[in-house]
Each structure stands twice: as structure tokens, then as C-alpha cells.
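A.B. asks: This is model_6.txt (compact mmCIF, C-alpha atoms).
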# COMPACT_ATOMS: atom_id res chain seq x y z
CA MET H 1 190.59 118.53 -95.61
CA LYS H 2 187.46 118.82 -97.62
CA ASP H 3 187.80 115.18 -98.76
CA LEU H 4 188.34 114.05 -95.21
CA PHE H 5 185.24 115.89 -94.07
CA SER H 6 183.35 114.51 -97.01
CA ARG H 7 184.31 110.84 -96.21
CA SER H 8 183.67 111.35 -92.48
CA GLY H 9 180.36 112.89 -93.32
CA GLN H 10 179.42 109.97 -95.54
CA ALA H 11 180.42 107.55 -92.78
CA VAL H 12 178.40 109.45 -90.25
CA VAL H 13 175.40 109.59 -92.56
CA LEU H 14 175.73 105.86 -93.31
CA PHE H 15 176.07 105.10 -89.61
CA LEU H 16 173.03 107.21 -88.86
CA VAL H 17 171.01 105.54 -91.57
CA VAL H 18 172.00 102.04 -90.40
CA ALA H 19 171.46 102.95 -86.81
CA GLY H 20 168.13 104.44 -87.74
CA ILE H 21 167.09 101.33 -89.59
CA ILE H 22 168.15 99.17 -86.66
CA ALA H 23 166.34 101.45 -84.28
CA LEU H 24 163.23 101.31 -86.44
CA ALA H 25 163.51 97.51 -86.69
CA LEU H 26 164.00 97.14 -82.95
CA GLY H 27 161.11 99.46 -82.42
CA GLY H 28 158.89 97.24 -84.55
CA TYR H 29 158.40 99.79 -87.27
CA LEU H 30 159.86 97.53 -89.99
CA ASN H 31 157.84 94.40 -89.23
CA PHE H 32 155.79 94.66 -92.37
CA VAL H 33 158.99 94.83 -94.37
CA SER H 34 160.63 91.84 -92.62
CA THR H 35 157.41 89.82 -92.83
CA GLY H 36 157.15 90.46 -96.53
CA VAL H 37 160.76 89.54 -97.07
CA ASN H 38 160.51 86.44 -94.89
CA THR H 39 157.38 85.31 -96.64
CA ALA H 40 158.99 85.73 -99.99
CA LEU H 41 162.09 83.86 -98.83
CA VAL H 42 160.11 81.01 -97.32
CA SER H 43 157.99 80.73 -100.42
CA ILE H 44 161.03 80.58 -102.62
CA GLN H 45 162.70 78.03 -100.31
CA SER H 46 159.57 75.91 -100.20
CA TRP H 47 159.24 75.99 -103.94
CA ILE H 48 162.84 74.93 -104.39
CA SER H 49 162.64 72.35 -101.62
CA VAL H 50 159.51 70.73 -102.99
CA ARG H 51 161.02 70.49 -106.44
CA PHE H 52 164.22 69.11 -105.03
CA VAL H 53 162.47 66.49 -102.95
CA THR H 54 160.37 65.50 -105.94
CA VAL H 55 163.43 65.13 -108.10
CA GLN H 56 165.20 63.26 -105.30
CA ASP H 57 162.23 60.92 -104.89
CA PHE H 58 162.16 60.38 -108.60
CA ILE H 59 165.81 59.46 -108.62
CA THR H 60 165.82 57.32 -105.47
CA ALA H 61 162.35 55.72 -105.81
CA PRO H 62 163.46 52.64 -107.80
CA ARG H 63 165.97 51.81 -105.13
CA ASP H 64 163.31 52.11 -102.44
CA ALA H 65 160.86 49.98 -104.43
CA VAL H 66 163.40 47.24 -104.73
CA SER H 67 164.15 47.33 -101.04
CA LEU H 68 160.43 47.48 -100.25
CA ARG H 69 159.77 44.53 -102.48
CA GLN H 70 162.52 42.57 -100.78
CA GLU H 71 161.15 43.51 -97.41
CA ASN H 72 157.66 42.60 -98.56
CA THR H 73 158.83 39.22 -99.81
CA ALA H 74 160.65 38.55 -96.57
CA LEU H 75 157.57 39.51 -94.56
CA ARG H 76 155.37 37.31 -96.71
CA GLU H 77 157.73 34.41 -96.18
CA GLU H 78 157.63 35.08 -92.48
CA ILE H 79 153.83 35.16 -92.54
CA SER H 80 153.71 31.90 -94.49
CA ARG H 81 156.10 30.28 -92.04
CA LEU H 82 154.09 31.51 -89.07
CA GLN H 83 150.83 30.40 -90.64
CA GLY H 84 152.36 26.97 -91.21
CA GLN H 85 153.39 26.89 -87.58
CA ILE H 86 149.91 27.92 -86.48
CA LEU H 87 148.38 25.12 -88.57
CA GLN H 88 150.87 22.67 -87.12
CA TYR H 89 150.09 23.81 -83.58
CA GLN H 90 146.36 23.64 -84.26
CA ARG H 91 146.73 20.11 -85.62
CA GLN H 92 148.83 19.11 -82.62
CA ALA H 93 146.32 20.72 -80.29
CA ALA H 94 143.43 18.84 -81.95
CA GLU H 95 145.39 15.61 -81.79
CA THR H 96 146.27 16.19 -78.15
CA GLN H 97 142.64 16.96 -77.40
CA ALA H 98 141.51 13.75 -79.10
CA LEU H 99 144.17 11.73 -77.30
CA ALA H 100 143.25 13.32 -73.98
CA ALA H 101 139.62 12.35 -74.56
CA LEU H 102 140.67 8.79 -75.35
CA VAL H 103 142.95 8.61 -72.31
CA ASN H 104 140.11 9.92 -70.20
CA PHE H 105 137.83 7.27 -71.68
CA SER H 106 140.29 4.47 -71.00
CA ARG H 107 140.69 5.70 -67.41
CA THR H 108 136.98 5.76 -66.83
CA ASN H 109 136.62 2.32 -68.45
CA PRO H 110 139.51 0.39 -66.90
CA GLU H 111 137.86 -2.99 -67.45
CA ASN H 112 139.35 -3.17 -70.95
CA VAL H 113 142.80 -2.80 -72.45
CA TYR H 114 143.07 -0.35 -75.32
CA ALA H 115 145.52 0.41 -78.08
CA ALA H 116 145.28 3.83 -79.70
CA ALA H 117 145.67 4.00 -83.47
CA SER H 118 145.57 6.71 -86.10
CA VAL H 119 143.31 6.46 -89.13
CA ILE H 120 145.60 6.56 -92.17
CA GLY H 121 143.21 5.73 -94.98
CA ARG H 122 139.93 4.43 -96.24
CA ASP H 123 138.94 1.57 -98.49
CA PRO H 124 139.53 2.57 -102.12
CA SER H 125 136.15 1.13 -103.08
CA PRO H 126 133.26 3.55 -102.50
CA PHE H 127 131.00 0.54 -101.97
CA LEU H 128 132.67 -0.31 -98.70
CA HIS H 129 132.97 1.55 -95.42
CA TYR H 130 136.32 0.51 -94.06
CA ILE H 131 139.18 2.48 -92.55
CA ILE H 132 142.86 1.61 -92.34
CA ILE H 133 144.68 2.17 -89.03
CA ASP H 134 148.38 2.30 -88.29
CA ARG H 135 148.48 -0.51 -85.72
CA GLY H 136 148.76 -4.18 -86.61
CA SER H 137 149.59 -7.62 -85.33
CA ALA H 138 152.93 -6.35 -83.99
CA ASP H 139 150.92 -4.16 -81.60
CA GLY H 140 148.67 -7.00 -80.48
CA ILE H 141 145.81 -6.22 -82.84
CA ARG H 142 143.86 -9.28 -83.94
CA ARG H 143 140.98 -9.84 -86.32
CA GLY H 144 137.57 -9.29 -84.77
CA MET H 145 138.67 -6.84 -82.08
CA PRO H 146 136.18 -4.00 -81.50
CA VAL H 147 137.22 -0.47 -82.39
CA ILE H 148 135.80 2.48 -80.49
CA THR H 149 136.31 6.15 -79.73
CA ASP H 150 135.51 8.04 -76.55
CA GLN H 151 132.09 8.68 -78.11
CA GLY H 152 131.10 5.12 -78.95
CA LEU H 153 131.38 2.13 -81.26
CA VAL H 154 133.25 2.48 -84.55
CA GLY H 155 133.49 -1.07 -85.89
CA ARG H 156 135.75 -4.07 -85.70
CA VAL H 157 139.05 -5.20 -87.12
CA ASP H 158 138.56 -7.09 -90.35
CA ALA H 159 142.11 -7.77 -91.54
CA VAL H 160 145.54 -7.32 -90.01
CA ILE H 161 149.11 -7.09 -91.23
CA SER H 162 152.15 -6.50 -89.07
CA ASN H 163 151.84 -2.73 -88.78
CA ALA H 164 148.37 -1.87 -90.08
CA ALA H 165 144.83 -3.13 -89.90
CA ARG H 166 141.61 -2.69 -91.81
CA VAL H 167 138.51 -1.91 -89.77
CA GLN H 168 134.97 -2.53 -90.91
CA LEU H 169 132.81 0.40 -89.80
CA ILE H 170 129.34 -0.26 -88.44
CA THR H 171 128.05 1.83 -91.39
CA ASP H 172 129.35 -0.73 -93.92
CA PRO H 173 126.52 -2.41 -95.88
CA ALA H 174 127.71 -5.84 -94.72
CA SER H 175 127.86 -4.83 -91.05
CA ALA H 176 125.29 -6.06 -88.56
CA VAL H 177 125.51 -5.21 -84.87
CA ASN H 178 123.31 -6.65 -82.15
CA VAL H 179 122.10 -3.72 -80.08
CA ARG H 180 119.83 -3.27 -77.10
CA LEU H 181 117.25 -0.52 -76.91
CA GLU H 182 117.63 1.10 -73.52
CA LYS H 183 114.01 2.17 -73.06
CA ALA H 184 112.26 -0.71 -74.76
CA GLU H 185 114.72 -3.25 -73.33
CA ARG H 186 114.69 -5.24 -76.54
CA ASP H 187 117.50 -6.64 -78.65
CA VAL H 188 117.48 -5.68 -82.31
CA ILE H 189 119.87 -5.70 -85.25
CA LEU H 190 121.52 -2.56 -86.53
CA VAL H 191 122.71 -2.69 -90.14
CA GLY H 192 124.70 -0.31 -92.31
CA SER H 193 124.13 0.77 -95.88
CA ILE H 194 126.04 2.08 -98.88
CA SER H 195 125.02 5.63 -98.02
CA GLY H 196 126.44 5.24 -94.51
CA ASP H 197 123.05 5.39 -92.82
CA LEU H 198 122.32 3.02 -89.94
CA THR H 199 119.00 1.25 -89.79
CA LEU H 200 117.27 -0.90 -87.22
CA GLU H 201 115.73 -3.82 -89.00
CA LEU H 202 113.44 -6.69 -88.10
CA VAL H 203 111.95 -4.80 -85.17
CA ALA H 204 108.65 -6.35 -84.17
CA GLN H 205 105.58 -4.13 -84.38
CA ASP H 206 104.89 -4.39 -80.67
CA VAL H 207 108.22 -2.79 -79.75
CA THR H 208 107.88 0.87 -78.88
CA LEU H 209 110.48 2.89 -80.71
CA GLU H 210 110.85 6.55 -79.85
CA VAL H 211 112.95 9.21 -81.45
CA GLY H 212 116.00 9.84 -79.28
CA ASP H 213 116.15 6.34 -77.77
CA ILE H 214 119.74 5.41 -76.98
CA MET H 215 121.05 2.02 -78.05
CA LEU H 216 124.01 0.04 -76.74
CA THR H 217 125.68 -3.10 -77.97
CA SER H 218 124.00 -6.13 -76.48
CA GLY H 219 126.95 -8.49 -76.69
CA LEU H 220 124.80 -11.12 -78.37
CA GLY H 221 126.58 -13.12 -81.02
CA GLY H 222 129.96 -12.52 -79.42
CA GLY H 223 131.07 -10.02 -82.04
CA TYR H 224 131.15 -6.97 -79.77
CA PRO H 225 131.42 -6.45 -76.04
CA PRO H 226 128.20 -5.30 -74.38
CA ASP H 227 127.24 -1.77 -73.32
CA LEU H 228 129.11 0.25 -75.92
CA ILE H 229 127.12 3.29 -77.06
CA VAL H 230 126.16 3.04 -80.72
CA GLY H 231 123.67 5.81 -81.43
CA GLN H 232 120.14 7.04 -81.02
CA ILE H 233 116.97 6.72 -83.04
CA LEU H 234 116.49 9.51 -85.54
CA ASN H 235 113.13 8.55 -87.00
CA VAL H 236 110.78 5.61 -87.01
CA ARG H 237 108.93 4.09 -89.95
CA LYS H 238 105.99 2.04 -88.76
CA ARG H 239 103.19 0.87 -91.03
CA ASP H 240 100.42 -1.48 -90.01
CA SER H 241 100.71 -3.39 -93.25
CA ASP H 242 104.34 -4.32 -92.55
CA ILE H 243 105.44 -7.24 -90.44
CA PHE H 244 108.35 -5.30 -88.99
CA GLN H 245 109.02 -1.66 -88.32
CA GLN H 246 112.20 0.19 -89.20
CA ALA H 247 114.12 3.05 -87.66
CA THR H 248 116.96 5.23 -88.84
CA VAL H 249 119.74 5.64 -86.33
CA GLN H 250 122.06 8.57 -85.80
CA PRO H 251 125.49 7.17 -84.83
CA VAL H 252 127.26 8.86 -81.94
CA VAL H 253 130.55 8.74 -83.84
CA ASP H 254 131.18 11.09 -86.74
CA PHE H 255 132.72 8.66 -89.22
CA THR H 256 133.76 11.37 -91.68
CA THR H 257 136.19 12.97 -89.25
CA LEU H 258 137.69 9.90 -87.62
CA LYS H 259 141.34 10.50 -86.81
CA ILE H 260 142.23 8.45 -83.75
CA VAL H 261 140.52 5.31 -82.50
CA LEU H 262 140.94 2.80 -79.71
CA VAL H 263 141.16 -0.93 -80.32
CA VAL H 264 139.91 -3.09 -77.45
CA THR H 265 142.79 -5.53 -77.39
CA ASP H 266 141.63 -7.81 -74.59
CA PHE H 267 138.35 -8.71 -76.25
CA ARG H 268 138.23 -12.08 -77.91
CA PRO H 269 135.35 -12.37 -80.38
CA VAL H 270 133.37 -15.57 -80.30
CA ASN H 271 132.65 -17.30 -83.57
CA ILE H 272 129.21 -18.79 -83.12
CA SER H 273 128.67 -19.68 -86.76
CA PRO H 274 129.31 -23.44 -86.16
CA LEU H 275 126.50 -23.38 -83.62
CA ILE H 276 123.98 -21.90 -86.05
CA PRO H 277 121.93 -24.71 -87.59
CA ILE H 278 122.11 -24.92 -91.36
CA PRO H 279 118.63 -24.99 -92.85
CA MET R 1 164.37 -0.74 -116.19
CA ARG R 2 161.94 2.12 -116.75
CA LYS R 3 159.14 -0.39 -117.17
CA LEU R 4 159.41 -1.15 -113.45
CA VAL R 5 157.89 2.25 -112.75
CA VAL R 6 154.56 0.42 -112.63
CA PHE R 7 155.26 -0.82 -109.11
CA PRO R 8 156.01 2.46 -107.32
CA LEU R 9 153.60 4.50 -109.42
CA LEU R 10 150.58 2.28 -108.87
CA MET R 11 151.46 1.97 -105.20
CA LEU R 12 151.52 5.75 -104.97
CA VAL R 13 148.19 5.96 -106.80
CA PHE R 14 146.57 3.51 -104.39
CA ILE R 15 148.01 5.33 -101.38
CA ILE R 16 146.62 8.65 -102.67
CA GLN R 17 143.31 6.97 -103.40
CA SER R 18 143.09 5.51 -99.90
CA ALA R 19 144.47 8.46 -97.94
CA VAL R 20 143.10 11.41 -99.92
CA ALA R 21 140.66 10.68 -102.74
CA SER R 22 138.42 8.36 -100.71
CA ARG R 23 137.95 11.11 -98.12
CA MET R 24 136.91 13.66 -100.75
CA SER R 25 133.60 12.10 -101.58
CA LEU R 26 130.61 13.40 -103.44
CA LEU R 27 127.53 11.76 -101.91
CA SER R 28 129.02 8.28 -101.49
CA GLY R 29 131.09 8.33 -104.66
CA ALA R 30 134.75 9.22 -105.02
CA VAL R 31 137.14 9.64 -107.90
CA ASP R 32 138.67 6.29 -108.93
CA LEU R 33 142.32 7.13 -109.54
CA PRO R 34 143.57 3.55 -110.11
CA LEU R 35 140.92 3.08 -112.79
CA LEU R 36 141.82 6.35 -114.50
CA PHE R 37 145.55 5.67 -114.42
CA LEU R 38 145.03 2.18 -115.77
CA VAL R 39 142.76 3.40 -118.57
CA ALA R 40 145.05 6.30 -119.48
CA TRP R 41 148.03 3.97 -119.58
CA ALA R 42 146.28 1.32 -121.68
CA LEU R 43 145.15 3.99 -124.16
CA GLN R 44 148.71 5.03 -124.99
CA GLU R 45 149.59 3.63 -128.38
CA ARG R 46 153.20 2.87 -127.63
CA VAL R 47 152.49 1.07 -124.36
CA GLU R 48 153.19 -2.68 -124.51
CA MET R 49 152.59 -3.81 -120.96
CA ALA R 50 149.10 -2.62 -120.07
CA TRP R 51 148.05 -6.12 -119.04
CA THR R 52 150.88 -6.23 -116.52
CA TRP R 53 149.61 -2.98 -115.07
CA ALA R 54 146.16 -4.52 -114.69
CA LEU R 55 147.61 -7.45 -112.76
CA VAL R 56 149.71 -5.21 -110.50
CA ALA R 57 146.74 -2.91 -109.88
CA ALA R 58 144.56 -5.88 -108.95
CA LEU R 59 147.28 -7.07 -106.59
CA TYR R 60 147.49 -3.70 -104.85
CA ALA R 61 143.70 -3.35 -104.77
CA ALA R 62 143.43 -6.70 -103.05
CA PHE R 63 145.91 -5.43 -100.47
CA PHE R 64 144.10 -2.16 -99.81
CA SER R 65 140.45 -3.07 -100.23
CA ALA R 66 138.05 -5.46 -98.59
CA LEU R 67 136.36 -6.12 -101.91
CA SER R 68 137.04 -9.52 -103.46
CA PRO R 69 140.42 -9.63 -105.30
CA LEU R 70 138.73 -11.58 -108.09
CA ALA R 71 136.37 -8.68 -108.68
CA TYR R 72 139.29 -6.30 -109.07
CA LEU R 73 141.20 -8.73 -111.27
CA ALA R 74 138.26 -9.31 -113.59
CA GLY R 75 137.39 -5.61 -113.64
CA TYR R 76 140.88 -4.36 -114.40
CA LEU R 77 141.53 -6.99 -117.08
CA LEU R 78 138.24 -6.13 -118.80
CA LEU R 79 139.10 -2.46 -118.47
CA VAL R 80 142.47 -2.86 -120.17
CA GLY R 81 140.94 -5.04 -122.87
CA LEU R 82 138.29 -2.39 -123.50
CA ALA R 83 140.87 0.41 -123.55
CA ARG R 84 143.07 -1.44 -126.04
CA TYR R 85 140.07 -2.11 -128.26
CA ILE R 86 138.87 1.50 -128.14
CA GLN R 87 142.40 2.77 -128.69
CA ARG R 88 142.55 0.85 -131.96
CA GLN R 89 139.16 2.18 -133.05
CA VAL R 90 139.47 5.87 -132.18
CA TRP R 91 143.22 6.31 -131.96
CA GLN R 92 143.05 9.78 -133.50
CA LEU R 93 140.93 11.11 -130.66
CA PRO R 94 142.72 10.09 -127.44
CA ILE R 95 140.67 12.38 -125.18
CA LEU R 96 137.43 11.01 -126.57
CA ALA R 97 138.76 7.51 -126.05
CA MET R 98 139.72 8.43 -122.47
CA PHE R 99 136.23 9.71 -121.70
CA THR R 100 134.58 6.74 -123.38
CA VAL R 101 136.63 4.12 -121.56
CA SER R 102 136.38 6.00 -118.25
CA PHE R 103 132.62 6.05 -118.59
CA ILE R 104 132.17 2.43 -119.63
CA GLY R 105 134.95 1.30 -117.30
CA THR R 106 133.38 2.95 -114.27
CA LEU R 107 130.05 1.34 -115.02
CA LEU R 108 131.77 -1.99 -115.56
CA MET R 109 133.77 -1.84 -112.35
CA HIS R 110 130.75 -0.81 -110.33
CA LEU R 111 128.66 -3.56 -111.87
CA ILE R 112 131.29 -6.12 -110.95
CA ALA R 113 131.65 -4.70 -107.42
CA PHE R 114 127.89 -4.66 -107.01
CA ALA R 115 127.58 -8.26 -108.19
CA ALA R 116 130.43 -9.38 -105.94
CA LEU R 117 128.97 -7.69 -102.87
CA ARG R 118 125.50 -9.02 -103.56
CA PHE R 119 127.04 -12.47 -103.99
CA TYR R 120 128.58 -12.18 -100.52
CA GLY R 121 125.27 -11.06 -99.06
CA SER R 122 125.53 -7.27 -98.77
CA PRO R 123 122.06 -5.80 -98.89
CA MET R 124 122.13 -3.02 -101.48
CA THR R 125 119.90 -1.96 -104.29
CA LEU R 126 120.88 -1.04 -107.83
CA GLU R 127 118.99 2.26 -107.59
CA ASP R 128 120.88 3.37 -104.49
CA THR R 129 124.16 2.26 -105.99
CA LEU R 130 123.55 4.23 -109.17
CA ALA R 131 122.34 7.37 -107.44
CA LEU R 132 124.74 7.49 -104.52
CA ILE R 133 127.93 5.95 -105.88
CA THR R 134 128.07 5.47 -109.63
CA LEU R 135 126.81 8.84 -110.88
CA PRO R 136 128.99 10.93 -108.52
CA THR R 137 131.98 8.72 -109.33
CA LEU R 138 131.37 9.17 -113.06
CA PHE R 139 131.27 12.93 -112.63
CA LEU R 140 134.48 13.01 -110.58
CA ASN R 141 136.21 10.61 -112.96
CA PHE R 142 135.38 12.89 -115.88
CA LEU R 143 136.89 15.82 -114.04
CA ALA R 144 140.12 13.96 -113.38
CA ALA R 145 140.31 12.18 -116.75
CA ILE R 146 142.17 14.83 -118.76
CA PRO R 147 144.98 15.57 -116.27
CA VAL R 148 145.53 11.87 -115.69
CA HIS R 149 145.63 11.23 -119.43
CA SER R 150 148.21 13.99 -119.93
CA LEU R 151 150.32 12.61 -117.12
CA MET R 152 150.26 9.09 -118.49
CA ARG R 153 151.02 10.27 -122.02
CA ASP R 154 154.20 11.91 -120.74
CA LEU R 155 155.01 8.81 -118.74
CA ALA R 156 154.50 6.60 -121.80
CA VAL R 157 156.92 8.78 -123.78
CA TRP R 158 159.45 8.42 -120.98
CA VAL R 159 159.04 4.66 -120.58
CA PHE R 160 158.76 3.86 -124.29
CA PRO R 161 160.74 6.55 -126.15
CA SER R 162 160.27 6.71 -129.93
CA GLU R 163 163.12 5.34 -132.01
CA GLU R 164 163.88 8.68 -133.62
CA PHE R 165 164.59 10.15 -130.19
CA VAL R 166 166.75 7.29 -129.00
Rewrite the structure of this file - the entire thing - as C-alpha cells.
C.D. replies:
Amino acid sequence: MKDLFSRSGQAVVLFLVVAGIIALALGGYLNFVSTGVNTALVSIQSWISVRFVTVQDFITAPRDAVSLRQENTALREEISRLQGQILQYQRQAAETQALAALVNFSRTNPENVYAAASVIGRDPSPFLHYIIIDRGSADGIRRGMPVITDQGLVGRVDAVISNAARVQLITDPASAVNVRLEKAERDVILVGSISGDLTLELVAQDVTLEVGDIMLTSGLGGGYPPDLIVGQILNVRKRDSDIFQQATVQPVVDFTTLKIVLVVTDFRPVNISPLIPIP
Amino acid sequence: MRKLVVFPLLMLVFIIQSAVASRMSLLSGAVDLPLLFLVAWALQERVEMAWTWALVAALYAAFFSALSPLAYLAGYLLLVGLARYIQRQVWQLPILAMFTVSFIGTLLMHLIAFAALRFYGSPMTLEDTLALITLPTLFLNFLAAIPVHSLMRDLAVWVFPSEEFV
């Protein structure tokens, strides 16, 4: 009986203690205890977690690096491919733009028949200013035909094979083009040079040359059709002691970036050399 | 059969010269790849057909260029003759021989081209030619001389293998 009372008493005391603790906890009197315990637990968990993650990273990092490298390589390949496409599109856009300009030119100048050609090379000799185009006798190109762009005169066909032709630029040292000065209304000769500069030569002293004067082909000599824009005067060299004055000419065509040209296929050059008296 | 490589190789060299090298100019000069390939080939000791290369190069040059074919023919033949002579004199120093023949060869070719153009009436002065074309070309030729020489040495080994390797 005494044992029974003793065990019941212990149970009651235990119940009262637990109930008291719960009551104290619910009443907020044990917050400082729970906070301290929680803080300690969280700290311990954080410490363990950080170490675990570090160890996990250490173990799994090589695998990630490999996959990252693969991904990086794939992305780089993609970038290279896209950059290649961009370049291709830019080239096509530039080509289309050039062709559109040439089509526009041929529409606004319907008096002639044109054949478009791409520039595929230059003369191997640095002494000569010639280009090679990808149209030849099979396309109706003949020797002596003028070559132009939408900007102005380029030169004339010098030699032809079935599917290519060589064009002498007006900047070639052996080139001479009869041009007409728009303001002065005089015909003069424009010659090239090894440096690619264009010069007006044998201009009489009484001719008024002004910087910026536009010059067109005169058609004299039969080598070129008239009224093609050639360039404008860049500077004038006039000395009283000289018989003639000279002028440097800025061509309207940029010969270093020639890509597409037009050949005037319905122009037949006239060879007047038999008519020139031999001294 | 390997000796026939002259035809496609020189054609390729002239195409690259016309399509690429001529557009990469310094002042008015540009690297002269056909000249360098011809010189490098003629300087190889084991090469037996350098004169044939000169003839083929002149043929191709006449096809590509507006300059007189005779000028190219004379220039390339003189170039090969000079290279063979120098090769016998300084055979232990192939790079020096390459530079020497490239230098003299460039001057020679330009002199012939200048004379030919003046003969046909092109108005040009020697001073302009030297300053605008020859000096830049010499510089560019020097830059390209060593890689071209290495390439042609390997080609010569392939075309004319030594007996111990056969």
C-alpha cells in the first residue's frame, strides 16, 4: 500500500512538474531557456551544414567543372557559329546594298545596257592598276567596254576570256581619259600614276581650275561614252614659269573597296589610232 | 608524278597573289608571293626542275597580269639562275641565301617591269617607283621569306625524297 502510494505520488509529482513546465512555457516564462536552446541547436546545425556542404562541394566540384567546361565549349561554339552567321548576313547585306545601288543606277540611266560583275582579283604586279572581274566573253563582255559603278567611271575592259575579264582602272599609269571640266567647259586629259593618284595634265594656263570642280568624260577619242562622272579637282598647281598647269583629282570611286561593277555592254569603242597622223 | 605539283601549286600562289596579297598593300607595294615561292624552290639543293617552275610561273603571270609576258619570262629565268648560283655559293646558310636572292630578285624584277612599262610608254619615275613600290615590296617580301622558305623546303623533301628514305 505504501509502495502504491509512493508510485502514485511520484507520478503525481512528475505530472505536476511537467504540467508546471508546460504552463510556464505557455505562459512565456521559459522563453529565455527555449531561445538559448534554439540558438545553440541552430548554431550546431549551421556548423555541421556548412562543413557538410563544403565537403560535398569538394567532392562534387570536379564533376561540375567538367560539365561547366562542356557547357562553356558548347556556348562558345554557338557564339562562333552565330558570329559567322552575322558576318555572312552583313556581307550579304552589303552586297545587296551595292547591287541595289547599281540597279537604281541602271534604272535611272536606261540609255545603256549593263552587265554586273564582281571584282575577284587584282593584277599581281604592283606597277599596274588592273582588276579582274568574273564576267567574260560568254556574258557579252568585249575589249574596250567602259566599266562603271553607281558613283562614276572605273576604267575599261583590257582583256577578256570566256568567263573573266581584266579591267584597266583609270588610276593605272598608262591610262588616259579625255574629260570635260564642267565649270571651265574645257576638254583636258586625265592620267593615272603608279601611286593611284589622278592628275590633269597639259591644261593651258588660261583655263581656270578651281578646287571642287567636277569633271565628266568628254567622249573624245571614242574610248569612253560621254558624261560619266570621273572626279573633282583636289588641288591646283599653277606656276607662271610653266607652259601648262596641273591639278590633282579626287576620283569619285573608291578603288580600294571595289566589289561590284557594271560593264556598259552596248558601248562600242572607236579606234581612232589609224586616223592620227604619224609624225 | 609528284613533280607535277608545280602546276596546281603555282596556280594557287598566283590566285592568292591576285585575290588576297595584291589587296594588302603597303603604300603601292605588295608582297610578291610568286617570286618568293620561285626563289625558295630554286634554292633547295635537291630540286632539279627550277627552270621548269620559272617557265610555268611566267606562263601563269602572263595570264593574270597585264605586264608584258616577256618581262616575266626574263625576270623569272634570271631569278632562278641567280638563286641556283647563290645556292652553290652559300649552301650552308639557306636563310641568308633566301634573303639575298629575295632582295636582289625583287630589285631585278622591278627593274625589268619598270623598263618594260617605260618602253610601252607609261609615264613613271624611278624615284616614285623606288619609294612607293620597291621599298615596301622589299619589306613585305622579307617578312614572308622565312615561312615560304620553310614551306618549300618541306615540299622539296616530298617531291625529291632522299635515297636513304626511299
A.B. asks: Give me, please, the distance in Å between atom CA of Arg239 of chain H and atom CA of Glu201 of chain H, quoted to one decimal.
C.D. replies: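 Pair atom CA of Arg239 of chain H / atom CA of Glu201 of chain H returns 13.5 Å.
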A.B. asks: Write out as a list in words each polymer residue whose atoms come within 9 Å of Phe14 of chain R, counting all atoms listed in the file; drop sequence neighbours fewer than 2 positions from it.
C.D. replies: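 Non-adjacent residues within range: Pro124 of chain H; Leu9, Leu10, Met11, Leu12, Ile16, Gln17, Ser18, Ala19, Leu33, Pro34, Ala57, Tyr60, Ala61 and Phe64 of chain R.
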A.B. asks: With distances taken over all atoms listed in the file, which of R:Leu143, R:Leu78, R:Leu111, R:Leu67 is nearest to Phe99 of chain R?
C.D. replies: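 The shortest atom-to-atom distance to Phe99 of chain R comes from R:Leu143.
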A.B. asks: At a cut-off of 6 Å, list the chain H residues touching chain R, using all atoms listed in the file, as a ChimeraX atom specification.
C.D. replies: /H:121-124,126,173-174,195
A.B. asks: Might you pull out every residue within 7 Å of segment 142-153 of chain H, with all atoms listed in the file counted and same-chain residues fewer than 4 positions away left off, and present them as a list in words?
C.D. replies: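 These residues fall inside the cut-off: Ala101, Leu102, Phe105, Ser137, Val157, Asp158, Ala159, Val160, Tyr224, Leu228, Ile229, Val230, Val252, Val253, Val261, Leu262, Val263, Val264, Thr265, Phe267, Arg268 and Pro269 of chain H.
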A.B. asks: Can you pull out the residues contacting Val119 of chain H? Cut-off 9 Å, using all atoms listed in the file, and skip same-chain residues under 3 positions away; I want them as a CSV table (one decimal) with C-alpha atoms, in the frame of the given file.
C.D. replies:
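around-v7.csv was written with the following content:
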chain,number,residue,atom,x,y,z
H,122,ARG,CA,139.9,4.4,-96.2
H,131,ILE,CA,139.2,2.5,-92.6
H,132,ILE,CA,142.9,1.6,-92.3
H,133,ILE,CA,144.7,2.2,-89.0
H,134,ASP,CA,148.4,2.3,-88.3
H,258,LEU,CA,137.7,9.9,-87.6
H,259,LYS,CA,141.3,10.5,-86.8
H,260,ILE,CA,142.2,8.4,-83.8
H,261,VAL,CA,140.5,5.3,-82.5
A.B. asks: Could you tell me how far atom CA of Arg180 of chain H sits from atom CA of Leu216 of chain H, in Å to one decimal place?
C.D. replies: 5.3 Å
A.B. asks: Of the candidates R:Leu59, R:Val101, R:Leu79, R:Ala42, which shows the shortest atom-to-atom distance to Asn141 of chain R, using all atoms listed in the file?
C.D. replies: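 Closest to Asn141 of chain R, using all atoms listed in the file: R:Val101.
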A.B. asks: Please determine the residues with any atom at most 9 Å from (154.7, -6.1, -116.1) (coordinates as given in the file, with all atoms listed in the file counting) and report them as a PyMOL selection string.
C.D. replies: chain R and resi 3-4+6-7+49-56
A.B. asks: One decimal, Å: what's the distance from atom CA of Tyr29 of chain H over to atom CA of Phe15 of chain H, could you say?
C.D. replies: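 Rounded to one decimal, the two atoms are 18.6 Å apart.
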A.B. asks: Per residue of segment 168-201 of chain H within 10 Å of segment 233-237 of chain H, record the nearest atom pair and its distance in Å to one decimal, counting only C-alpha atoms, with rows in chain order and ascending residue number, as a tab-separated table.
C.D. replies:
residue	atom	partner	partner_atom	distance
H:Leu181	CA	H:Ile233	CA	9.5
H:Leu198	CA	H:Ile233	CA	9.5
H:Thr199	CA	H:Ile233	CA	8.9
H:Leu200	CA	H:Ile233	CA	8.7
A.B. asks: Select, from R:Leu43, R:Val80, R:Leu96, R:Leu107, the residue with the minimum atom-to-atom distance to Leu130 of chain R, counting only C-alpha atoms.
C.D. replies: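 Closest to Leu130 of chain R of all the choices is R:Leu107.
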A.B. asks: In terms of the shortest atom-to-atom distance over all atoms listed in the file, which of R:Ala40, R:Leu77, R:Leu135, R:Leu108 is closest to Asp154 of chain R?
C.D. replies: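 That would be R:Ala40, the residue with the smallest distance to Asp154 of chain R.
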A.B. asks: Looking at H:Ala184, H:Asp242, H:Phe127, H:Ala247, which one is nearest to Gly196 of chain H, with distances taken over only C-alpha atoms?
C.D. replies: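 Smallest distance to Gly196 of chain H is found for H:Phe127.
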